[in-house]
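The block underneath contains the structure these notes are about, expressed in C-alpha cells.
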Amino acid sequence: DEDPERLELFKQLPEAFQDALKVGTIEALNDVLATTPGSEAEHILQICGQGHFLKIDEEIVVKPDEEQVE
C-alpha cells in the first residue's frame, strides 16, 4: 500500500537522491549529498524526515567550511 502523501514527498526529491534511496545504502546517499550544496542537502533531509524515508537526528547543522565551493 503506497501512501499518497509519502509518494508526493518522494517525488519532491532530486532524481539522483531518489535513485540513491532505491539503492538503499548509506554510501549511495552520501555520494549524492557530497555533491549537493548545504542548503539543498538540508532540504532533502527534511523531506526524508517528513516522509520517514530515513531516520535523521532532530538538528542538522552544515558548517560553512563544509559547503561545496564551485
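Simple scheme: letters A, B, ... for chains in C-alpha cells order, numbers from 1 for residues in each chain, numbers from 1 for ligands in the order shown.
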(message) Which residues are near Leu7 in chain A? Cut-off 12 Å, only C-alpha atoms, ignore same chain within fewer than 3 positions. Put them as a list in words.
(response) Asp1, Glu2, Asp3, Pro4, Phe10, Lys11, Gln12, Leu13, Gln18, Ile47, Cys48, Gln50, Gly51, His52 and Phe53 of chain A
Limited to C-alpha atoms, could you put the picked residues into a file as an mmCIF file, in the first residue's frame?
```cif
data_model
loop_
_atom_site.group_PDB
_atom_site.id
_atom_site.type_symbol
_atom_site.label_atom_id
_atom_site.label_comp_id
_atom_site.auth_asym_id
_atom_site.auth_seq_id
_atom_site.Cartn_x
_atom_site.Cartn_y
_atom_site.Cartn_z
ATOM 1 C CA ASP A 1 0.000 0.000 0.000
ATOM 2 C CA GLU A 2 1.518 3.268 -1.111
ATOM 3 C CA ASP A 3 0.802 6.343 0.972
ATOM 4 C CA PRO A 4 -0.049 9.189 -1.464
ATOM 5 C CA PHE A 10 9.402 11.282 -2.617
ATOM 6 C CA LYS A 11 8.694 12.986 -5.950
ATOM 7 C CA GLN A 12 9.981 16.294 -4.480
ATOM 8 C CA LEU A 13 13.439 14.774 -4.041
ATOM 9 C CA GLN A 18 15.538 9.071 -5.330
ATOM 10 C CA ILE A 47 11.787 15.858 3.167
ATOM 11 C CA CYS A 48 13.267 12.465 4.067
ATOM 12 C CA GLN A 50 8.802 14.105 6.865
ATOM 13 C CA GLY A 51 8.312 11.055 4.663
ATOM 14 C CA HIS A 52 10.093 8.732 7.104
ATOM 15 C CA PHE A 53 12.457 7.654 4.325
#
```
(message) Give me, as a list in words, all polymer residues having an atom no more than 12 Å from His43 in chain A, counting only C-alpha atoms and skipping those fewer than 4 positions away in the same chain.
(response)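 Residues meeting the cut-off are Leu9, Gln12, Leu13, Pro14, Phe17, Leu33, Thr36, Pro37, Gly38, Ser39, Ile47, Cys48, Gly49, Gln50, Ile60, Val61 and Val62 of chain A.
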(message) Rounded to one decimal, what separation in Å do you get between CA of Leu21 in chain A and CA of Leu54 in chain A?
(response)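 A separation of 8.9 Å between them.
Our summary of the geometry notes that CA of Asp19 in chain A is positioned 14.6 Å from CA of Thr35 in chain A.
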